[in-house]
>>> print(open('start04.tsv').read())   # TSV, C-alpha atoms
chain	number	residue	atom	x	y	z
Y	1	MET	CA	-43.39	18.30	45.62
Y	2	ASP	CA	-44.05	21.13	48.03
Y	3	ILE	CA	-45.31	18.64	50.61
Y	4	ILE	CA	-42.14	16.57	50.30
Y	5	ILE	CA	-39.93	19.63	50.76
Y	6	ALA	CA	-42.03	20.87	53.68
Y	7	SER	CA	-41.96	17.51	55.45
Y	8	PHE	CA	-38.21	17.19	54.85
Y	9	LEU	CA	-37.74	20.69	56.29
Y	10	GLU	CA	-39.88	19.87	59.30
Y	11	ASP	CA	-38.46	16.43	60.03
Y	12	SER	CA	-34.80	16.71	59.11
Y	13	ILE	CA	-33.58	20.29	58.91
Y	14	VAL	CA	-35.21	22.14	61.80
Y	15	PRO	CA	-34.79	19.60	64.67
Y	16	LYS	CA	-31.27	18.64	63.57
Y	17	PHE	CA	-30.04	22.10	62.59
Y	18	ASN	CA	-26.91	21.77	64.79
Y	19	TYR	CA	-25.87	18.65	62.90
Y	20	TRP	CA	-26.41	20.26	59.51
Y	21	ILE	CA	-24.25	23.21	60.50
Y	22	TYR	CA	-21.69	20.80	61.92
Y	23	VAL	CA	-21.40	19.04	58.56
Y	24	ILE	CA	-21.24	22.36	56.68
Y	25	LEU	CA	-18.50	23.76	58.94
Y	26	MET	CA	-16.53	20.52	58.71
Y	27	MET	CA	-16.68	20.61	54.90
Y	28	ILE	CA	-15.65	24.29	54.88
Y	29	GLY	CA	-12.62	23.42	57.00
Y	30	LEU	CA	-11.72	20.41	54.87
Y	31	TYR	CA	-12.03	22.49	51.69
Y	32	ALA	CA	-9.76	25.16	53.15
Y	33	MET	CA	-7.16	22.63	54.27
Y	34	ILE	CA	-7.04	21.04	50.81
Y	35	THR	CA	-7.39	23.90	48.35
Y	36	LYS	CA	-6.06	27.05	50.06
Y	37	ASN	CA	-2.59	28.06	49.01
Y	38	ASN	CA	-1.57	30.13	52.02
Y	39	LEU	CA	-0.34	28.32	55.12
Y	40	ILE	CA	-2.20	30.59	57.57
Y	41	LYS	CA	-5.41	30.04	55.61
Y	42	LYS	CA	-4.86	26.29	55.85
Y	43	LEU	CA	-4.47	26.63	59.62
Y	44	ILE	CA	-7.68	28.65	59.92
Y	45	GLY	CA	-9.39	25.84	58.04
Y	46	MET	CA	-7.93	23.30	60.43
Y	47	ALA	CA	-9.21	25.26	63.45
Y	48	ILE	CA	-12.69	25.46	61.88
Y	49	PHE	CA	-12.59	21.68	61.34
Y	50	GLN	CA	-11.73	21.12	65.01
Y	51	THR	CA	-14.49	23.38	66.29
Y	52	ALA	CA	-16.95	21.59	64.00
Y	53	ILE	CA	-16.09	18.25	65.62
Y	54	ILE	CA	-16.45	19.81	69.08
Y	55	LEU	CA	-19.83	21.19	67.97
Y	56	LEU	CA	-20.95	17.63	67.14
Y	57	TYR	CA	-20.01	16.30	70.56
Y	58	VAL	CA	-21.53	19.21	72.50
Y	59	SER	CA	-24.74	18.86	70.46
Y	60	VAL	CA	-24.99	15.23	71.56
Y	61	GLY	CA	-25.21	16.31	75.21
Y	62	VAL	CA	-28.02	18.83	74.71
Y	63	LYS	CA	-31.49	17.94	76.03
Y	64	ALA	CA	-34.72	19.83	75.51
Y	65	ASP	CA	-35.70	21.98	78.52
Y	66	ALA	CA	-32.42	21.19	80.25
Y	67	ASN	CA	-30.36	23.59	82.28
Y	68	ILE	CA	-26.61	23.92	82.74
Y	69	PRO	CA	-25.14	20.90	84.57
Y	70	ILE	CA	-24.54	22.58	87.92
Y	71	ILE	CA	-26.41	21.32	90.98
Y	72	SER	CA	-27.16	24.15	93.36
Y	73	HIS	CA	-26.91	23.63	97.11
Y	74	HIS	CA	-30.65	23.61	97.66
Y	75	GLY	CA	-30.46	20.70	100.09
Y	76	GLU	CA	-28.12	22.56	102.43
Y	77	LYS	CA	-30.13	25.77	102.21
Y	78	ASP	CA	-33.33	23.95	103.16
Y	79	HIS	CA	-31.51	22.48	106.08
Y	80	VAL	CA	-30.44	25.92	107.31
Y	81	GLU	CA	-33.95	27.23	106.91
Y	82	HIS	CA	-35.31	24.35	108.96
Y	83	ALA	CA	-32.78	25.06	111.67
Y	84	GLN	CA	-33.73	28.73	111.71
Y	85	ASN	CA	-37.43	27.91	111.98
Y	86	GLU	CA	-36.74	25.64	114.87
Y	87	ASN	CA	-34.63	28.34	116.45
Y	88	LEU	CA	-37.67	30.58	116.40
Y	89	ASP	CA	-39.82	27.86	117.97
Y	90	SER	CA	-37.47	26.61	120.62
Y	91	ALA	CA	-33.75	27.20	120.76
Y	92	SER	CA	-32.94	24.08	122.74
Y	93	GLU	CA	-34.61	21.63	120.35
Y	94	ALA	CA	-32.92	23.07	117.28
Y	95	SER	CA	-29.45	22.07	118.37
Y	96	SER	CA	-30.47	18.44	118.91
Y	97	HIS	CA	-32.33	18.26	115.57
Y	98	HIS	CA	-29.57	19.90	113.62
Y	99	GLY	CA	-27.51	16.86	112.78
Y	100	SER	CA	-30.19	14.18	112.66
Y	101	LYS	CA	-32.70	15.75	110.28
Y	102	LYS	CA	-31.27	15.33	106.81
Y	103	GLU	CA	-33.57	15.55	103.80
Y	104	HIS	CA	-33.08	13.29	100.85
Y	105	HIS	CA	-33.23	15.14	97.53
Y	106	VAL	CA	-33.75	13.33	94.25
Y	107	ILE	CA	-31.92	14.89	91.30
Y	108	ASP	CA	-33.77	14.61	88.00
Y	109	LYS	CA	-31.22	13.91	85.30
Y	110	ASN	CA	-33.50	15.23	82.56
Y	111	LYS	CA	-33.20	18.72	84.02
Y	112	PHE	CA	-29.46	18.93	83.26
Y	113	ALA	CA	-27.45	18.72	80.06
Y	114	ASN	CA	-25.14	15.72	79.84
Y	115	PRO	CA	-21.75	16.93	81.13
Y	116	LEU	CA	-19.65	13.99	79.89
Y	117	PRO	CA	-19.16	15.24	76.28
Y	118	HIS	CA	-18.38	18.70	77.66
Y	119	VAL	CA	-15.51	17.37	79.75
Y	120	LEU	CA	-14.13	15.37	76.83
Y	121	MET	CA	-14.28	18.42	74.55
Y	122	LEU	CA	-12.48	20.55	77.15
Y	123	THR	CA	-9.41	18.43	76.46
Y	124	ALA	CA	-9.98	18.67	72.71
Y	125	ILE	CA	-9.97	22.49	72.81
Y	126	VAL	CA	-6.63	22.62	74.60
Y	127	VAL	CA	-5.13	20.06	72.21
Y	128	GLY	CA	-6.44	22.06	69.26
Y	129	VAL	CA	-4.91	25.32	70.48
Y	130	SER	CA	-1.53	23.68	71.11
Y	131	THR	CA	-1.63	22.14	67.63
Y	132	LEU	CA	-2.42	25.55	66.16
Y	133	GLY	CA	0.43	27.17	68.11
Y	134	LEU	CA	2.94	24.56	66.97
Y	135	ALA	CA	1.80	24.88	63.36
Y	136	LEU	CA	2.08	28.68	63.48
Y	137	ALA	CA	5.59	28.40	64.92
Y	138	ILE	CA	6.57	26.02	62.09
Y	139	SER	CA	5.13	28.43	59.51
Y	140	GLN	CA	7.24	31.22	61.03
Y	141	LYS	CA	10.31	29.04	60.52
Y	142	VAL	CA	9.18	28.29	56.95
Y	143	HIS	CA	8.82	31.99	56.29
Y	144	GLY	CA	12.28	32.51	57.77
Y	145	SER	CA	13.94	30.09	55.36
Y	146	PHE	CA	11.83	30.57	52.21
Y	147	GLY	CA	10.62	34.16	52.56
Y	148	THR	CA	7.05	33.29	51.68
Y	149	LEU	CA	3.96	31.59	53.08
Y	150	GLU	CA	2.46	30.49	49.76
Y	151	GLU	CA	2.63	26.79	49.15
Y	152	ASP	CA	3.32	26.93	45.41
Y	153	GLU	CA	6.21	29.40	45.82
Y	154	ILE	CA	7.76	27.16	48.48
Y	155	LEU	CA	7.43	24.16	46.16
Y	156	ASP	CA	8.99	26.20	43.34
Y	157	GLN	CA	11.99	27.00	45.50
Y	158	LEU	CA	12.28	23.39	46.64
Y	159	ARG	CA	12.03	21.90	43.14
Y	160	PRO	CA	12.81	24.51	40.48
Y	161	GLY	CA	11.53	23.44	37.13
Y	162	GLY	CA	8.32	21.66	38.00
Y	163	TYR	CA	6.30	19.63	40.44
Y	164	ASP	CA	7.00	16.19	39.03
A	91	MET	CA	-31.40	25.89	74.97
A	92	ILE	CA	-33.19	28.69	73.13
A	93	TRP	CA	-33.68	27.54	69.55
A	94	GLN	CA	-34.08	31.01	67.96
A	95	PHE	CA	-30.78	32.11	69.46
A	96	ASP	CA	-29.26	28.79	68.38
A	97	ILE	CA	-30.23	29.21	64.72
A	98	ILE	CA	-29.05	32.83	64.56
A	99	ILE	CA	-25.63	31.98	66.01
A	100	LEU	CA	-25.22	28.94	63.74
A	101	ILE	CA	-25.95	30.97	60.62
A	102	PHE	CA	-23.50	33.68	61.74
A	103	LEU	CA	-20.92	30.95	62.34
A	104	VAL	CA	-21.08	29.74	58.75
A	105	VAL	CA	-20.94	33.34	57.48
A	106	THR	CA	-17.86	34.21	59.56
A	107	ALA	CA	-16.13	30.94	58.62
A	108	VAL	CA	-16.59	31.70	54.92
A	109	ILE	CA	-15.47	35.34	55.38
A	110	ALA	CA	-12.34	34.27	57.31
A	111	LEU	CA	-11.35	32.07	54.39
A	112	ARG	CA	-12.26	34.54	51.64
A	113	VAL	CA	-10.49	37.67	52.97
A	114	LYS	CA	-7.20	38.30	51.16
A	115	ASP	CA	-5.57	40.20	54.04
A	116	LEU	CA	-4.20	37.78	56.63
A	117	LEU	CA	-4.64	40.20	59.54
A	118	GLY	CA	-8.30	40.62	58.59
A	119	ALA	CA	-8.68	36.85	58.34
A	120	SER	CA	-7.24	36.47	61.84
A	121	MET	CA	-9.65	39.06	63.23
A	122	VAL	CA	-12.65	37.39	61.59
A	123	PHE	CA	-11.43	34.08	62.98
A	124	GLY	CA	-11.48	35.69	66.45
A	125	ILE	CA	-15.09	36.73	65.84
A	126	TYR	CA	-15.82	33.12	64.84
A	127	SER	CA	-14.27	31.85	68.09
A	128	PHE	CA	-16.30	34.23	70.25
A	129	LEU	CA	-19.48	33.27	68.38
A	130	ILE	CA	-18.87	29.58	69.01
A	131	CYS	CA	-18.15	30.41	72.67
A	132	LEU	CA	-21.56	32.13	72.82
A	133	LEU	CA	-23.11	29.06	71.22
A	134	TRP	CA	-21.68	26.79	73.88
A	135	ALA	CA	-22.85	28.99	76.72
A	136	GLU	CA	-26.30	28.87	75.15
A	137	MET	CA	-26.22	25.09	74.72
A	138	GLY	CA	-25.50	24.53	78.42
A	139	ALA	CA	-21.78	23.78	78.18
A	140	VAL	CA	-20.53	26.61	80.35
A	141	ASP	CA	-17.14	25.04	81.12
A	142	VAL	CA	-16.43	24.59	77.41
A	143	ALA	CA	-17.51	28.20	76.86
A	144	PHE	CA	-15.05	29.45	79.50
A	145	THR	CA	-12.20	27.48	77.98
A	146	GLU	CA	-13.04	28.56	74.46
A	147	ALA	CA	-13.24	32.24	75.43
A	148	ALA	CA	-9.91	32.14	77.27
A	149	VAL	CA	-7.85	29.70	75.23
A	150	GLY	CA	-9.57	29.41	71.85
A	151	ALA	CA	-10.61	33.00	71.19
A	152	GLY	CA	-7.94	34.72	73.27
A	153	VAL	CA	-4.69	32.84	72.90
A	154	SER	CA	-5.10	31.45	69.38
A	155	THR	CA	-6.12	34.83	67.95
A	156	VAL	CA	-3.16	36.50	69.66
A	157	ILE	CA	-0.63	33.96	68.40
A	158	MET	CA	-2.11	34.10	64.93
A	159	ILE	CA	-1.85	37.90	64.82
A	160	ALA	CA	1.71	37.67	66.18
A	161	THR	CA	2.59	35.24	63.38
A	162	VAL	CA	1.04	37.52	60.76
A	163	PHE	CA	3.00	40.50	62.08
A	164	SER	CA	6.29	38.60	62.16
A	165	THR	CA	5.84	37.11	58.68
A	166	THR	CA	3.65	38.78	56.07
A	167	ARG	CA	0.14	40.13	55.61
A	168	ARG	CA	-0.04	39.24	51.94
A	169	SER	CA	-2.06	36.30	50.74
A	170	LYS	CA	-2.87	35.23	47.20
A	171	ASP	CA	-6.16	33.47	47.98
>>> encode(input="start04.tsv", output="structure tokens")
Amino acid sequence: MDIIIASFLEDSIVPKFNYWIYVILMMIGLYAMITKNNLIKKLIGMAIFQTAIILLYVSVGVKADANIPIISHHGEKDHVEHAQNENLDSASEASSHHGSKKEHHVIDKNKFANPLPHVLMLTAIVVGVSTLGLALAISQKVHGSFGTLEEDEILDQLRPGGYD
Amino acid sequence: MIWQFDIIILIFLVVTAVIALRVKDLLGASMVFGIYSFLICLLWAEMGAVDVAFTEAAVGAGVSTVIMIATVFSTTRRSKD
């Protein structure tokens, strides 16, 4: 039994820990949206749900031993260094070599995290914040007309006498 | 990606999410939700998504916490659950 638990821990939990936390956060958000009685608490649950989905997509783009997806200008810097070396050797040759000598650099895609899910999730964050702002504005209006943010008290005022 | 850092932040994320939903005071819940947003921003900087981390720190943690606190101040701090 111990071996089964240990192998499950080693194969499923530790390498995929991001995905486990993603599922847990998503279920926390769903639970809050369904069972919480306060409107602000429901909105916090909705925001947690959104960030959980973004966590899934950003986790897809992660590679082992990868860096941030920014390519530095190493090609240009090498070029300048070459030109300076040639300046030291002979100033007249450097000007003629300057434009013609262009080094070809190969970019290894395994060294960078995949930037496509990041760009998609950038849009999702902005949409999530605007949804949250609209929902908070609507709850302010609800508080203005009902005097409360609790869902059951609002339903009581809407239908006095019962829910059915 | 540093996996020790990753696991610590992920565990703190779950803890702050649960605390933000358990706290009875709505202002406290908004503050803990701001902590949650900054933690997830840290997680994205660590996972290599620096542009997402920028946006989350500015828009997600900054603006949404501010509008949530403004809503709590203009309505009520009381919550039953």
>>> interface_residues(input="start04.tsv", of="chain Y", to="chain A", cutoff="9 Å", atoms="only C-alpha atoms", output="short mmCIF file (atom, residue, chain, number, x, y, z; two decimals) with C-alpha atoms, keeping the file's coordinate frame")
data_model
loop_
_atom_site.label_atom_id
_atom_site.label_comp_id
_atom_site.auth_asym_id
_atom_site.auth_seq_id
_atom_site.Cartn_x
_atom_site.Cartn_y
_atom_site.Cartn_z
CA PHE Y 17 -30.04 22.10 62.59
CA ASN Y 18 -26.91 21.77 64.79
CA ILE Y 21 -24.25 23.21 60.50
CA ILE Y 24 -21.24 22.36 56.68
CA LEU Y 25 -18.50 23.76 58.94
CA ILE Y 28 -15.65 24.29 54.88
CA GLY Y 29 -12.62 23.42 57.00
CA ALA Y 32 -9.76 25.16 53.15
CA LYS Y 36 -6.06 27.05 50.06
CA ASN Y 37 -2.59 28.06 49.01
CA ASN Y 38 -1.57 30.13 52.02
CA ILE Y 40 -2.20 30.59 57.57
CA LYS Y 41 -5.41 30.04 55.61
CA LYS Y 42 -4.86 26.29 55.85
CA ILE Y 44 -7.68 28.65 59.92
CA GLY Y 45 -9.39 25.84 58.04
CA ILE Y 48 -12.69 25.46 61.88
CA THR Y 51 -14.49 23.38 66.29
CA LEU Y 55 -19.83 21.19 67.97
CA VAL Y 58 -21.53 19.21 72.50
CA SER Y 59 -24.74 18.86 70.46
CA GLY Y 61 -25.21 16.31 75.21
CA VAL Y 62 -28.02 18.83 74.71
CA LYS Y 63 -31.49 17.94 76.03
CA ALA Y 64 -34.72 19.83 75.51
CA ASP Y 65 -35.70 21.98 78.52
CA ALA Y 66 -32.42 21.19 80.25
CA ASN Y 67 -30.36 23.59 82.28
CA ILE Y 68 -26.61 23.92 82.74
CA PRO Y 69 -25.14 20.90 84.57
CA PHE Y 112 -29.46 18.93 83.26
CA ALA Y 113 -27.45 18.72 80.06
CA ASN Y 114 -25.14 15.72 79.84
CA PRO Y 115 -21.75 16.93 81.13
CA HIS Y 118 -18.38 18.70 77.66
CA VAL Y 119 -15.51 17.37 79.75
CA MET Y 121 -14.28 18.42 74.55
CA LEU Y 122 -12.48 20.55 77.15
CA ILE Y 125 -9.97 22.49 72.81
CA VAL Y 126 -6.63 22.62 74.60
CA GLY Y 128 -6.44 22.06 69.26
CA VAL Y 129 -4.91 25.32 70.48
CA SER Y 130 -1.53 23.68 71.11
CA LEU Y 132 -2.42 25.55 66.16
CA GLY Y 133 0.43 27.17 68.11
CA LEU Y 136 2.08 28.68 63.48
CA ALA Y 137 5.59 28.40 64.92
CA SER Y 139 5.13 28.43 59.51
CA GLN Y 140 7.24 31.22 61.03
CA HIS Y 143 8.82 31.99 56.29
CA GLY Y 144 12.28 32.51 57.77
CA GLY Y 147 10.62 34.16 52.56
CA THR Y 148 7.05 33.29 51.68
CA LEU Y 149 3.96 31.59 53.08
CA GLU Y 150 2.46 30.49 49.76
#
>>> atom_distance(input="start04.tsv", atom1="atom CA of Y:Met33", atom2="atom CA of Y:Ile154")
16.6 Å
>>> atom_distance(input="start04.tsv", atom1="atom CA of A:Ile99", atom2="atom CA of A:Ile125")
11.6 Å
>>> axis_aligned_box(input="start04.tsv", around="stretch 47-60 of chain Y", padding_each_side="8 Å", output="lines of an AutoDock Vina configuration file")
center_x = -17.1
center_y = 20.3
center_z = 66.9
size_x = 31.8
size_y = 26.2
size_z = 27.2
>>> atom_distance(input="start04.tsv", atom1="atom CA of Y:Phe49", atom2="atom CA of A:Cys131")
15.3 Å
>>> closest_residue(input="start04.tsv", among="Y:Ile53, Y:Tyr19, Y:Leu43, Y:Val106", to="Y:Thr131", atoms="all atoms listed in the file")
Y:Leu43
>>> build_atoms(input="start04.tsv", residues="stretch 117-130 of chain A", atoms="N, CA, C and O atoms", output="PDB file, keeping the file's coordinate frame")
ATOM      1  N   LEU A 117      -4.264  39.614  58.243  1.00  0.00           N
ATOM      2  CA  LEU A 117      -4.640  40.200  59.540  1.00  0.00           C
ATOM      3  C   LEU A 117      -6.163  40.249  59.669  1.00  0.00           C
ATOM      4  O   LEU A 117      -6.728  39.903  60.714  1.00  0.00           O
ATOM      5  N   GLY A 118      -6.837  40.621  58.577  1.00  0.00           N
ATOM      6  CA  GLY A 118      -8.300  40.620  58.590  1.00  0.00           C
ATOM      7  C   GLY A 118      -8.858  39.222  58.792  1.00  0.00           C
ATOM      8  O   GLY A 118      -9.831  39.039  59.524  1.00  0.00           O
ATOM      9  N   ALA A 119      -8.216  38.230  58.154  1.00  0.00           N
ATOM     10  CA  ALA A 119      -8.680  36.850  58.340  1.00  0.00           C
ATOM     11  C   ALA A 119      -8.525  36.411  59.789  1.00  0.00           C
ATOM     12  O   ALA A 119      -9.410  35.739  60.329  1.00  0.00           O
ATOM     13  N   SER A 120      -7.428  36.827  60.436  1.00  0.00           N
ATOM     14  CA  SER A 120      -7.240  36.470  61.840  1.00  0.00           C
ATOM     15  C   SER A 120      -8.293  37.117  62.723  1.00  0.00           C
ATOM     16  O   SER A 120      -8.808  36.484  63.655  1.00  0.00           O
ATOM     17  N   MET A 121      -8.624  38.382  62.437  1.00  0.00           N
ATOM     18  CA  MET A 121      -9.650  39.060  63.230  1.00  0.00           C
ATOM     19  C   MET A 121     -11.005  38.394  63.055  1.00  0.00           C
ATOM     20  O   MET A 121     -11.732  38.185  64.032  1.00  0.00           O
ATOM     21  N   VAL A 122     -11.359  38.040  61.820  1.00  0.00           N
ATOM     22  CA  VAL A 122     -12.650  37.390  61.590  1.00  0.00           C
ATOM     23  C   VAL A 122     -12.666  36.002  62.238  1.00  0.00           C
ATOM     24  O   VAL A 122     -13.693  35.549  62.741  1.00  0.00           O
ATOM     25  N   PHE A 123     -11.500  35.361  62.281  1.00  0.00           N
ATOM     26  CA  PHE A 123     -11.430  34.080  62.980  1.00  0.00           C
ATOM     27  C   PHE A 123     -11.648  34.252  64.493  1.00  0.00           C
ATOM     28  O   PHE A 123     -12.247  33.400  65.144  1.00  0.00           O
ATOM     29  N   GLY A 124     -11.175  35.393  65.046  1.00  0.00           N
ATOM     30  CA  GLY A 124     -11.480  35.690  66.450  1.00  0.00           C
ATOM     31  C   GLY A 124     -12.957  35.891  66.683  1.00  0.00           C
ATOM     32  O   GLY A 124     -13.503  35.422  67.691  1.00  0.00           O
ATOM     33  N   ILE A 125     -13.627  36.569  65.738  1.00  0.00           N
ATOM     34  CA  ILE A 125     -15.090  36.730  65.840  1.00  0.00           C
ATOM     35  C   ILE A 125     -15.767  35.354  65.807  1.00  0.00           C
ATOM     36  O   ILE A 125     -16.684  35.074  66.580  1.00  0.00           O
ATOM     37  N   TYR A 126     -15.290  34.483  64.928  1.00  0.00           N
ATOM     38  CA  TYR A 126     -15.820  33.120  64.840  1.00  0.00           C
ATOM     39  C   TYR A 126     -15.672  32.396  66.191  1.00  0.00           C
ATOM     40  O   TYR A 126     -16.608  31.746  66.664  1.00  0.00           O
ATOM     41  N   SER A 127     -14.495  32.536  66.828  1.00  0.00           N
ATOM     42  CA  SER A 127     -14.270  31.850  68.090  1.00  0.00           C
ATOM     43  C   SER A 127     -15.197  32.372  69.185  1.00  0.00           C
ATOM     44  O   SER A 127     -15.748  31.595  69.970  1.00  0.00           O
ATOM     45  N   PHE A 128     -15.398  33.694  69.223  1.00  0.00           N
ATOM     46  CA  PHE A 128     -16.300  34.230  70.250  1.00  0.00           C
ATOM     47  C   PHE A 128     -17.737  33.829  69.979  1.00  0.00           C
ATOM     48  O   PHE A 128     -18.510  33.592  70.914  1.00  0.00           O
ATOM     49  N   LEU A 129     -18.121  33.716  68.696  1.00  0.00           N
ATOM     50  CA  LEU A 129     -19.480  33.270  68.380  1.00  0.00           C
ATOM     51  C   LEU A 129     -19.686  31.828  68.835  1.00  0.00           C
ATOM     52  O   LEU A 129     -20.734  31.490  69.394  1.00  0.00           O
ATOM     53  N   ILE A 130     -18.671  30.973  68.620  1.00  0.00           N
ATOM     54  CA  ILE A 130     -18.870  29.580  69.010  1.00  0.00           C
ATOM     55  C   ILE A 130     -18.839  29.450  70.536  1.00  0.00           C
ATOM     56  O   ILE A 130     -19.505  28.593  71.113  1.00  0.00           O
TER      57      ILE A 130
END
